[in-house]
Amino acid sequence: MKNIILVLIILFGVSTYAQIQKGKVLDSDGNPVENAYLVNTNSESHAHTNEFGLFSLDKTVLGDIIKITALGYKKSNFTIVSSDDTIIIEDDIFRLNEIVIQPKLSAMNVISKIDLQTTPVNSSQEILRKVPGLFIGQHAGGGKAEQIFLRGFDIDHGTDIAISVDGMPVNMVSHAHGQGYADLHFVIPETVEKIDFGKGTYYANKGDFATAGYVTFQTKDKIEKSSIGVEVGQFNTLRTVGLFNLLGNQKTQSAYIATEYILTDGPFDSPQNFNRINLLGKYSAILKDNSKFSILASRFSSKWDASGQIPQRLVDNGTISRFGAVDDTEGGNTSRTNFNASLSKPIDENTFLKANAFYSNYQFELYSNFTFFLDDPINGDQIKQKENRDIYGMNAELNKKTKINDTDVLLQFGAGFRADATTDTELSHTLNRRTVLENIKLGDIDESNLFTYLNSEFNFGKLMINPAIRLDYFKFNYQDKLMENYKTQSESKVKFSPKLNFIYSQNNNLQFFVKSGMGFHSNDARVVVQNSGKQILPTAIGTDIGTIWKPFPKLIVISALWYLFLEQEFVYVGDAGIIEPSGKSKRMGAELGLRYQLNDWLYFDADANYTYARSIDEPKGQDYIPLAPDFTTTGGLSFQKLNGFSGGIRYRYLKNRPANEDNSIVAKGYFISDLNVNYQYKNINFGIAVENIFDTAWNETQFATESRLQNEPESVEEIHFTPGTPFFMKGKITYTF
């Protein structure tokens with residue numbers, strides 16, 4: 001009898017500790033807390049919450065004590081009292097020692113959460129700067145999409161980085177100005193909840209343009225309080241912003257409207273007359289089955305004048321100032337209207353579906369003059385680029401956790417499509433914005449991308465292996481309206497992109513990773529049909545080796561060595577309507593990032609990036625990649641909640657780099673520092689922000705350009721630049737209610 005009782009006790013103990021505890025973690029407002037870390041203090045089993053705040057913790061029974069930590073929340077202990085507990089955790093100041101390095105491919109995204117917590121964004125430009133190593137530059141009056149630099153790429157306006165907001169693509173395929181054009185100005189920075197980024201070609205759910213990497217933004221589902229703010233600064237700068245909570249603090253649904261209006265002339269001798277208006281509305285609901293549903297509508301429009309890029313020789317001889325112009329009739333206008341519906345639906349405790357469907361209408365008109373009187377000595381070389389675009393699309397992904405022979409496995413199956421249709425995509429030679437002297441390109445573009453992918457994660461204790469495969473199908477149609485007879489030029493292509501990644505987590509404070517994969521970016525439809533389908537989807541092959549390490553509770557160190565090969569491609573030069581082959585290229589580099597918390601209110605961060613970028617097919621000395629960054633570093637000190645004060649000082653440094661293939665023309669580097677200080681008094685926040693606090697003379701964008709002025713007999717090739725902002729002070733006040 002005693003033996004039978006002993007066996008029953010043993011069996012009972014085994015069965016109870018084989019039990020799995022399910023539940024969810026919410027904040028004090030009822031929002032799910034993603035990536036909360038839970039540890040059973042008895043069995044030492046652990047788990048992370050998913051995007052619904054749901055967790056599944058094995059070896060856990062009633063009465064066990066669970067320790068919960070999450071970035072930006074108070075540590076807490078919770079005693080299991082039922083089979084499906086809801087755990088509420090309270091907001092707290094940010095503490096770096098609460099960071100748990102998660103065993104997943106996007107573990108470095110913890111950096112973006114740290115940076116958002118310590119230095120919130122104040123403009124749409126600063127949003128992209130949250131990606132370590134990413135630099136941007138504006139060279140057309142503030143309304144044109146920024147030029148982007150990352151991992152030795154002059155990405156132009158988005159050719160080699162995939163950018164999206166709430167699942168909606170930002171990059172424009174076969175754009176009038178250039179392939180991958182990514183105008184992020186429709187995002188109101190105060191509405192950004194989360195930034196997700198990854199460098200390289202290693203992510204199955206990222207396809208077109210994700211060669212140097214990707215950046216995705218998620219807008220807030222709800223705002224706790226309404227607010228209105230006004231910013232006033234030098235150069236006739238005015239910004240108003242409002243966020244309005246429409247439904248109060250309800251547990252299951254929320255709605256808000258956000259609006260932004262900006263006016264500025266900039267520091268230029270010829271005023272920019274820039275204005276931009278943004279309007280966004282979003283409704284979100286949590287359904288009875290814990291599904292999350294949201295619908296978003298937004299409208300953005302802007303209009304501006306620009307001084308454009310000016311030749312160095314005119315500044316050197318005193319003809320114009322650094323903020324002068326040769327042709328101040330440059331500028332443009334653009335607008336975008338978005339509709340997006342999203343659904344995240346849990347099917348069971350191990351399975352959930354997320355999907356979104358979107359529609360965007362996009363209008364673009366840009367006037368530029370890069371060469372002045374080189375081609376037309378009478379009328380000048382001004383060009384107009386114009387398009388009217390509709391975008392339709394859908395993304396869906398099924399996530400499933402399971403076990404195979406006691407191995408934890410995560411499977412993600414995704415599918416979707418994107419269809420772009422443009423009317424009268426135009427490149428014309430113009431005079432004074434009004435007279436069309438010649439149509440260089442004019443046509444309609446229809447481009448479709450259908451895709452599917454399978455991503456898997458196999459967890460073998462400390463080692464996670466992540467094999468994945470992606471399949472893309474592209475269809476390109478172009479109707480050239482300058483041809484005498486109507487004809488649809490058409491090409492199609494299928495692309496397979498395999499990935500294989502290894503994540504080894506020694507513990508919660510040390511992780512090693514080896515990433516590898518193939519990616520691509522599509523070429524412009526006009527390139528594809530003109531070249532009879534050659535190099536439609538040039539391949540990129542990359543690998544990363546690195547670590548994420550917390551040597552001390554308040555210090556995170558991120559390091560990586562990487563390599564990227566890019567296959568031959570043909571580039572459509574939107575400013576000239578011609579095709580240029582760029583050849584094979586290789587890039588390799590090293591990255592180092594530090595995040596350190598000196599005390600509860602003071603934080604330090606720094607990122608340094610070195611890149612060696614060369615063309616493979618060119619002879620040595622002629623193989624430089626123009627404008628490819630060699631060395632960059634960013635960093636700063638920030639402080640929060642210090643007797644009502646918050647703010648910080650930041651720097652960014654970009655080294656001199658070659659502006660042409662033989663490095664005979666050099667683009668000058670710069671070191672710029674910015675400062676901001678805020679004070680919170682009850683419901684009112686006062687702030688001062690200063691850009692370029694040392695009033696450094698710097699060039700924001702630079703190009704080696706051949707140009708000719710009206711009085712010059714011969715053309716000159718040299719640096720043409722857009723000046724960076726001088727000392728620029730703004731004051732703001734925000735009222736929360």
# chains A, B, ... in the order shown; residues from 1 in each chain; ligands from 1

$ residues_around --residues "Val81 in chain A" --least-positions-apart "2" --cutoff "7 Å" --atoms "only C-alpha atoms" --output "PyMOL selection string"
chain A and resi 62-63+79

$ select_by_dssp --residues "range 449-520 of chain A" --states "strand (DSSP E)" --output "MDAnalysis selection string"
chainID A and resid 449:460 463:480 488:507 510:520

$ residues_around --residues "Arg708 in chain A" --least-positions-apart "5" --cutoff "10 Å" --atoms "only C-alpha atoms" --output "list in words"
Pro311, Phe370, Thr371, Phe372, Phe373, Leu374, Asp375, Asp376, Pro377, Gly380, Asp381, Pro713, Glu714, Ser715, Val716 and Glu717 of chain A

$ select_by_dssp --residues "range 299-365 of chain A" --states "helix (DSSP H, G or I)" --output "ChimeraX atom specification"
/A:312-316

$ write_last_selection --atoms "all heavy atoms" --output "tab-separated table (two decimals), in the first residue's frame"
chain	number	residue	atom	x	y	z
A	312	GLN	N	29.95	74.64	-55.73
A	312	GLN	CA	30.94	75.15	-54.78
A	312	GLN	C	31.65	76.38	-55.32
A	312	GLN	O	32.00	77.31	-54.57
A	312	GLN	CB	31.95	74.05	-54.44
A	312	GLN	CG	32.96	74.44	-53.36
A	312	GLN	CD	32.32	74.60	-52.00
A	312	GLN	OE1	31.59	73.74	-51.55
A	312	GLN	NE2	32.58	75.73	-51.34
A	313	ARG	N	31.86	76.45	-56.63
A	313	ARG	CA	32.64	77.55	-57.21
A	313	ARG	C	31.95	78.91	-57.01
A	313	ARG	O	32.62	79.93	-56.85
A	313	ARG	CB	32.91	77.29	-58.70
A	313	ARG	CG	31.69	77.14	-59.60
A	313	ARG	CD	32.13	76.71	-61.00
A	313	ARG	NE	31.04	76.58	-61.95
A	313	ARG	CZ	30.28	75.50	-62.11
A	313	ARG	NH1	30.50	74.43	-61.33
A	313	ARG	NH2	29.34	75.45	-63.03
A	314	LEU	N	30.63	78.93	-56.99
A	314	LEU	CA	29.93	80.20	-56.80
A	314	LEU	C	30.04	80.70	-55.37
A	314	LEU	O	30.05	81.91	-55.12
A	314	LEU	CB	28.46	80.06	-57.19
A	314	LEU	CG	28.14	80.01	-58.69
A	314	LEU	CD1	26.63	80.03	-58.91
A	314	LEU	CD2	28.78	81.17	-59.43
A	315	VAL	N	30.11	79.78	-54.43
A	315	VAL	CA	30.29	80.16	-53.03
A	315	VAL	C	31.73	80.62	-52.80
A	315	VAL	O	31.97	81.63	-52.11
A	315	VAL	CB	29.93	78.99	-52.10
A	315	VAL	CG1	30.17	79.37	-50.63
A	315	VAL	CG2	28.47	78.57	-52.30
A	316	ASP	N	32.67	79.89	-53.41
A	316	ASP	CA	34.09	80.23	-53.22
A	316	ASP	C	34.42	81.62	-53.77
A	316	ASP	O	35.24	82.34	-53.18
A	316	ASP	CB	34.98	79.19	-53.90
A	316	ASP	CG	34.93	77.84	-53.20
A	316	ASP	OD1	34.48	77.79	-52.04
A	316	ASP	OD2	35.32	76.83	-53.81

$ residues_around --residues "range 197-207 of chain A" --least-positions-apart "5" --cutoff "9 Å" --atoms "only C-alpha atoms" --output "CSV table (one decimal) with N, CA, C and O atoms, in the first residue's frame"
chain,number,residue,atom,x,y,z
A,105,LEU,N,15.4,36.7,-33.7
A,105,LEU,CA,16.2,37.3,-34.8
A,105,LEU,C,16.2,38.8,-34.7
A,105,LEU,O,17.2,39.5,-35.0
A,106,SER,N,15.2,39.4,-34.2
A,106,SER,CA,15.1,40.9,-34.0
A,106,SER,C,15.4,41.4,-32.6
A,106,SER,O,14.9,42.4,-32.2
A,108,MET,N,17.8,42.9,-31.5
A,108,MET,CA,18.5,44.2,-31.4
A,108,MET,C,17.4,45.3,-31.4
A,108,MET,O,17.8,46.5,-31.2
A,109,ASN,N,16.1,45.0,-31.7
A,109,ASN,CA,15.1,46.0,-31.6
A,109,ASN,C,14.9,46.6,-30.2
A,109,ASN,O,14.3,47.6,-30.1
A,112,SER,N,15.8,50.2,-30.2
A,112,SER,CA,14.9,51.3,-30.6
A,112,SER,C,13.9,51.6,-29.5
A,112,SER,O,13.5,52.8,-29.3
A,131,VAL,N,17.3,54.4,-36.2
A,131,VAL,CA,18.0,53.2,-36.6
A,131,VAL,C,19.5,53.5,-36.5
A,131,VAL,O,20.1,54.4,-37.2
A,150,LEU,N,23.1,54.0,-45.4
A,150,LEU,CA,23.2,52.9,-44.4
A,150,LEU,C,24.1,51.8,-44.9
A,150,LEU,O,24.0,51.5,-46.1
A,151,ARG,N,25.0,51.3,-44.1
A,151,ARG,CA,25.8,50.2,-44.4
A,151,ARG,C,26.5,50.4,-45.8
A,151,ARG,O,26.6,49.5,-46.6
A,161,ILE,N,16.4,50.0,-48.9
A,161,ILE,CA,15.9,49.9,-47.5
A,161,ILE,C,14.3,49.8,-47.6
A,161,ILE,O,13.7,50.7,-48.3
A,162,ALA,N,13.7,48.8,-47.0
A,162,ALA,CA,12.3,48.7,-47.1
A,162,ALA,C,11.7,49.4,-45.9
A,162,ALA,O,12.0,49.0,-44.7
A,212,ALA,N,19.9,46.5,-47.8
A,212,ALA,CA,20.7,47.1,-46.6
A,212,ALA,C,19.9,46.8,-45.3
A,212,ALA,O,20.5,46.7,-44.2
A,213,GLY,N,18.6,46.7,-45.4
A,213,GLY,CA,17.8,46.5,-44.2
A,213,GLY,C,16.4,46.9,-44.4
A,213,GLY,O,15.9,47.2,-45.5
A,214,TYR,N,15.6,47.0,-43.2
A,214,TYR,CA,14.2,47.4,-43.2
A,214,TYR,C,14.0,48.3,-42.0
A,214,TYR,O,14.7,48.2,-41.0
A,215,VAL,N,12.9,49.1,-42.1
A,215,VAL,CA,12.4,49.8,-40.9
A,215,VAL,C,10.9,49.8,-41.0
A,215,VAL,O,10.3,50.2,-42.0
A,216,THR,N,10.3,49.4,-39.9
A,216,THR,CA,8.8,49.4,-39.9
A,216,THR,C,8.4,50.3,-38.6
A,216,THR,O,9.0,50.2,-37.6
A,217,PHE,N,7.3,51.0,-38.8
A,217,PHE,CA,6.8,51.8,-37.7
A,217,PHE,C,5.4,51.4,-37.4
A,217,PHE,O,4.6,51.0,-38.3
A,397,GLU,N,-0.4,36.8,-42.1
A,397,GLU,CA,0.6,35.8,-41.5
A,397,GLU,C,0.0,35.0,-40.4
A,397,GLU,O,-0.7,35.5,-39.5
A,414,GLY,N,3.3,33.2,-44.3
A,414,GLY,CA,2.8,34.5,-44.8
A,414,GLY,C,2.5,34.6,-46.3
A,414,GLY,O,3.1,33.8,-47.1
A,415,ALA,N,1.6,35.5,-46.6
A,415,ALA,CA,1.2,35.6,-48.0
A,415,ALA,C,0.7,37.0,-48.2
A,415,ALA,O,0.2,37.6,-47.2
A,451,PHE,N,3.5,37.5,-53.1
A,451,PHE,CA,4.6,36.8,-52.4
A,451,PHE,C,4.0,35.9,-51.3
A,451,PHE,O,2.8,36.0,-50.9
A,452,THR,N,4.8,35.0,-51.0
A,452,THR,CA,4.6,34.1,-49.9
A,452,THR,C,5.9,33.7,-49.2
A,452,THR,O,6.9,33.8,-49.8
A,453,TYR,N,5.8,33.3,-47.9
A,453,TYR,CA,7.0,32.9,-47.2
A,453,TYR,C,6.7,31.9,-46.1
A,453,TYR,O,5.6,31.9,-45.6
A,454,LEU,N,7.7,31.1,-45.8
A,454,LEU,CA,7.6,30.2,-44.6
A,454,LEU,C,8.9,30.5,-43.8
A,454,LEU,O,10.0,30.3,-44.2
A,455,ASN,N,8.6,30.9,-42.5
A,455,ASN,CA,9.7,31.2,-41.6
A,455,ASN,C,9.5,30.2,-40.4
A,455,ASN,O,8.4,29.9,-40.0
A,468,ALA,N,14.4,29.7,-43.4
A,468,ALA,CA,13.2,30.4,-44.0
A,468,ALA,C,13.4,30.4,-45.5
A,468,ALA,O,14.5,30.4,-46.0
A,469,ILE,N,12.3,30.6,-46.2
A,469,ILE,CA,12.3,30.7,-47.6
A,469,ILE,C,11.2,31.7,-48.0
A,469,ILE,O,10.1,31.7,-47.4
A,470,ARG,N,11.5,32.6,-49.0
A,470,ARG,CA,10.5,33.5,-49.5
A,470,ARG,C,10.4,33.4,-51.0
A,470,ARG,O,11.4,33.2,-51.7
A,471,LEU,N,9.2,33.5,-51.5
A,471,LEU,CA,8.9,33.4,-52.9
A,471,LEU,C,8.2,34.7,-53.4
A,471,LEU,O,7.1,35.1,-52.8
A,472,ASP,N,8.7,35.4,-54.4
A,472,ASP,CA,8.1,36.6,-54.9
A,472,ASP,C,7.8,36.4,-56.4
A,472,ASP,O,8.7,35.9,-57.1
A,497,SER,N,14.2,33.5,-52.3
A,497,SER,CA,15.1,34.1,-51.3
A,497,SER,C,15.2,33.3,-50.1
A,497,SER,O,14.4,33.4,-49.1
A,498,PRO,N,16.2,32.4,-50.0
A,498,PRO,CA,16.4,31.6,-48.8
A,498,PRO,C,17.1,32.3,-47.7
A,498,PRO,O,17.9,33.2,-48.0
A,499,LYS,N,16.9,32.0,-46.4
A,499,LYS,CA,17.5,32.6,-45.3
A,499,LYS,C,17.9,31.4,-44.3
A,499,LYS,O,17.2,30.4,-44.2
A,500,LEU,N,19.0,31.7,-43.6
A,500,LEU,CA,19.4,30.7,-42.5
A,500,LEU,C,20.1,31.5,-41.4
A,500,LEU,O,21.2,32.1,-41.7
A,501,ASN,N,19.6,31.5,-40.2
A,501,ASN,CA,20.1,32.2,-39.1
A,501,ASN,C,20.3,31.4,-37.9
A,501,ASN,O,19.5,30.4,-37.6
A,515,LYS,N,23.9,35.4,-39.0
A,515,LYS,CA,22.8,35.5,-39.9
A,515,LYS,C,23.2,35.4,-41.4
A,515,LYS,O,24.3,35.9,-41.7
A,516,SER,N,22.4,34.9,-42.2
A,516,SER,CA,22.7,34.8,-43.6
A,516,SER,C,21.5,34.8,-44.4
A,516,SER,O,20.4,34.3,-43.9
A,517,GLY,N,21.5,35.2,-45.6
A,517,GLY,CA,20.3,35.2,-46.5
A,517,GLY,C,20.5,35.9,-47.8
A,517,GLY,O,21.5,36.6,-48.0
A,518,MET,N,19.6,35.7,-48.7
A,518,MET,CA,19.5,36.3,-50.0
A,518,MET,C,18.3,37.3,-50.0
A,518,MET,O,17.3,36.9,-49.5
A,519,GLY,N,18.5,38.4,-50.6
A,519,GLY,CA,17.5,39.4,-50.8
A,519,GLY,C,17.5,40.0,-52.2
A,519,GLY,O,18.3,39.5,-53.0
A,520,PHE,N,16.8,41.1,-52.4
A,520,PHE,CA,16.8,41.7,-53.7
A,520,PHE,C,16.1,43.1,-53.6
A,520,PHE,O,15.5,43.4,-52.6
A,521,HIS,N,16.3,43.9,-54.6
A,521,HIS,CA,15.4,45.0,-54.8
A,521,HIS,C,14.9,45.0,-56.3
A,521,HIS,O,15.7,44.6,-57.2
A,540,ALA,N,20.9,40.2,-53.7
A,540,ALA,CA,21.9,40.6,-52.7
A,540,ALA,C,22.1,39.4,-51.7
A,540,ALA,O,21.1,38.7,-51.3
A,541,ILE,N,23.3,39.2,-51.4
A,541,ILE,CA,23.7,38.1,-50.5
A,541,ILE,C,24.5,38.6,-49.3
A,541,ILE,O,25.5,39.3,-49.5
A,542,GLY,N,24.0,38.3,-48.1
A,542,GLY,CA,24.6,39.0,-47.0
A,542,GLY,C,24.8,38.0,-45.8
A,542,GLY,O,24.2,36.9,-45.7
A,543,THR,N,25.7,38.4,-44.9
A,543,THR,CA,25.9,37.6,-43.7
A,543,THR,C,26.4,38.6,-42.5
A,543,THR,O,27.0,39.6,-42.8
A,544,ASP,N,25.9,38.3,-41.3
A,544,ASP,CA,26.3,39.0,-40.1
A,544,ASP,C,26.8,38.0,-39.1
A,544,ASP,O,26.2,36.9,-38.9
A,562,TRP,N,30.0,42.3,-40.8
A,562,TRP,CA,29.0,41.9,-41.8
A,562,TRP,C,29.6,42.1,-43.2
A,562,TRP,O,30.6,42.7,-43.4
A,563,TYR,N,29.0,41.4,-44.2
A,563,TYR,CA,29.4,41.4,-45.6
A,563,TYR,C,28.1,41.4,-46.4
A,563,TYR,O,27.2,40.7,-46.1
A,564,LEU,N,28.2,42.1,-47.6
A,564,LEU,CA,27.0,42.1,-48.5
A,564,LEU,C,27.5,42.2,-49.9
A,564,LEU,O,28.3,43.1,-50.2

$ closest_atom_pairs --of "range 534-618 of chain A" --to "range 628-631 of chain A" --cutoff "6 Å" --atoms "only C-alpha atoms" --output "JSON lines"
{"residue": "A:Asn609", "atom": "CA", "partner": "A:Phe631", "partner_atom": "CA", "distance": 5.6}
{"residue": "A:Tyr610", "atom": "CA", "partner": "A:Phe631", "partner_atom": "CA", "distance": 4.6}
{"residue": "A:Thr611", "atom": "CA", "partner": "A:Asp630", "partner_atom": "CA", "distance": 5.0}

$ residues_around --residues "Glu618 in chain A" --least-positions-apart "5" --cutoff "12 Å" --atoms "only C-alpha atoms" --output "list in words"
Ser582, Gly583, Lys584, Ser585, Lys586, Asp623, Tyr624, Ile625, Glu661 and Asp662 of chain A

$ decode --residues "range 434-516 of chain A" --atoms "C-alpha atoms" --output "mmCIF file, in the first residue's frame"
data_model
loop_
_atom_site.group_PDB
_atom_site.id
_atom_site.type_symbol
_atom_site.label_atom_id
_atom_site.label_comp_id
_atom_site.auth_asym_id
_atom_site.auth_seq_id
_atom_site.Cartn_x
_atom_site.Cartn_y
_atom_site.Cartn_z
ATOM 1 C CA ARG A 434 4.931 76.526 -66.270
ATOM 2 C CA THR A 435 6.096 75.785 -69.792
ATOM 3 C CA VAL A 436 6.759 72.202 -70.935
ATOM 4 C CA LEU A 437 9.516 72.405 -73.533
ATOM 5 C CA GLU A 438 9.822 68.658 -74.152
ATOM 6 C CA ASN A 439 8.390 65.399 -72.839
ATOM 7 C CA ILE A 440 11.335 63.105 -72.171
ATOM 8 C CA LYS A 441 9.318 60.253 -70.636
ATOM 9 C CA LEU A 442 5.555 59.845 -70.372
ATOM 10 C CA GLY A 443 3.640 56.658 -69.683
ATOM 11 C CA ASP A 444 1.448 54.501 -67.467
ATOM 12 C CA ILE A 445 2.936 51.866 -65.166
ATOM 13 C CA ASP A 446 1.216 48.821 -63.688
ATOM 14 C CA GLU A 447 3.353 46.752 -61.348
ATOM 15 C CA SER A 448 2.260 43.789 -59.223
ATOM 16 C CA ASN A 449 4.079 41.793 -56.562
ATOM 17 C CA LEU A 450 2.619 38.583 -55.120
ATOM 18 C CA PHE A 451 4.559 36.850 -52.370
ATOM 19 C CA THR A 452 4.560 34.051 -49.851
ATOM 20 C CA TYR A 453 7.040 32.893 -47.240
ATOM 21 C CA LEU A 454 7.628 30.246 -44.619
ATOM 22 C CA ASN A 455 9.680 31.163 -41.577
ATOM 23 C CA SER A 456 10.574 28.642 -38.882
ATOM 24 C CA GLU A 457 12.394 28.724 -35.555
ATOM 25 C CA PHE A 458 13.682 25.546 -33.899
ATOM 26 C CA ASN A 459 14.713 25.987 -30.265
ATOM 27 C CA PHE A 460 17.269 23.496 -28.918
ATOM 28 C CA GLY A 461 17.764 24.899 -25.450
ATOM 29 C CA LYS A 462 20.278 27.717 -25.819
ATOM 30 C CA LEU A 463 20.452 27.405 -29.619
ATOM 31 C CA MET A 464 17.769 28.678 -31.986
ATOM 32 C CA ILE A 465 18.006 27.788 -35.697
ATOM 33 C CA ASN A 466 15.963 29.888 -38.105
ATOM 34 C CA PRO A 467 15.629 28.549 -41.672
ATOM 35 C CA ALA A 468 13.231 30.372 -43.993
ATOM 36 C CA ILE A 469 12.274 30.728 -47.641
ATOM 37 C CA ARG A 470 10.526 33.538 -49.491
ATOM 38 C CA LEU A 471 8.928 33.448 -52.946
ATOM 39 C CA ASP A 472 8.097 36.605 -54.924
ATOM 40 C CA TYR A 473 6.382 37.021 -58.278
ATOM 41 C CA PHE A 474 6.588 40.343 -60.143
ATOM 42 C CA LYS A 475 4.669 41.539 -63.182
ATOM 43 C CA PHE A 476 5.723 44.771 -64.929
ATOM 44 C CA ASN A 477 3.575 46.588 -67.513
ATOM 45 C CA TYR A 478 4.482 49.881 -69.187
ATOM 46 C CA GLN A 479 2.540 51.870 -71.763
ATOM 47 C CA ASP A 480 4.857 54.428 -73.359
ATOM 48 C CA LYS A 481 2.671 57.374 -74.424
ATOM 49 C CA LEU A 482 5.456 58.879 -76.519
ATOM 50 C CA MET A 483 5.325 55.900 -78.887
ATOM 51 C CA GLU A 484 3.274 56.419 -82.038
ATOM 52 C CA ASN A 485 1.254 53.236 -81.577
ATOM 53 C CA TYR A 486 -0.278 51.918 -78.365
ATOM 54 C CA LYS A 487 1.617 48.972 -76.932
ATOM 55 C CA THR A 488 1.918 47.380 -73.504
ATOM 56 C CA GLN A 489 5.503 46.372 -72.803
ATOM 57 C CA SER A 490 5.465 43.561 -70.253
ATOM 58 C CA GLU A 491 7.892 41.376 -68.296
ATOM 59 C CA SER A 492 7.562 39.041 -65.310
ATOM 60 C CA LYS A 493 9.911 37.291 -62.905
ATOM 61 C CA VAL A 494 9.929 34.821 -60.010
ATOM 62 C CA LYS A 495 12.436 35.146 -57.175
ATOM 63 C CA PHE A 496 13.386 32.681 -54.414
ATOM 64 C CA SER A 497 15.124 34.116 -51.344
ATOM 65 C CA PRO A 498 16.390 31.553 -48.784
ATOM 66 C CA LYS A 499 17.518 32.563 -45.274
ATOM 67 C CA LEU A 500 19.373 30.716 -42.520
ATOM 68 C CA ASN A 501 20.115 32.237 -39.110
ATOM 69 C CA PHE A 502 21.565 30.945 -35.832
ATOM 70 C CA ILE A 503 20.953 32.526 -32.426
ATOM 71 C CA TYR A 504 22.861 31.195 -29.416
ATOM 72 C CA SER A 505 21.776 32.579 -26.029
ATOM 73 C CA GLN A 506 24.233 31.739 -23.313
ATOM 74 C CA ASN A 507 21.871 33.397 -20.831
ATOM 75 C CA ASN A 508 19.609 36.440 -20.580
ATOM 76 C CA ASN A 509 22.664 38.704 -20.757
ATOM 77 C CA LEU A 510 24.698 37.241 -23.614
ATOM 78 C CA GLN A 511 23.712 36.287 -27.129
ATOM 79 C CA PHE A 512 25.685 35.330 -30.227
ATOM 80 C CA PHE A 513 24.227 35.369 -33.726
ATOM 81 C CA VAL A 514 25.151 34.295 -37.237
ATOM 82 C CA LYS A 515 22.767 35.541 -39.919
ATOM 83 C CA SER A 516 22.738 34.789 -43.620
#
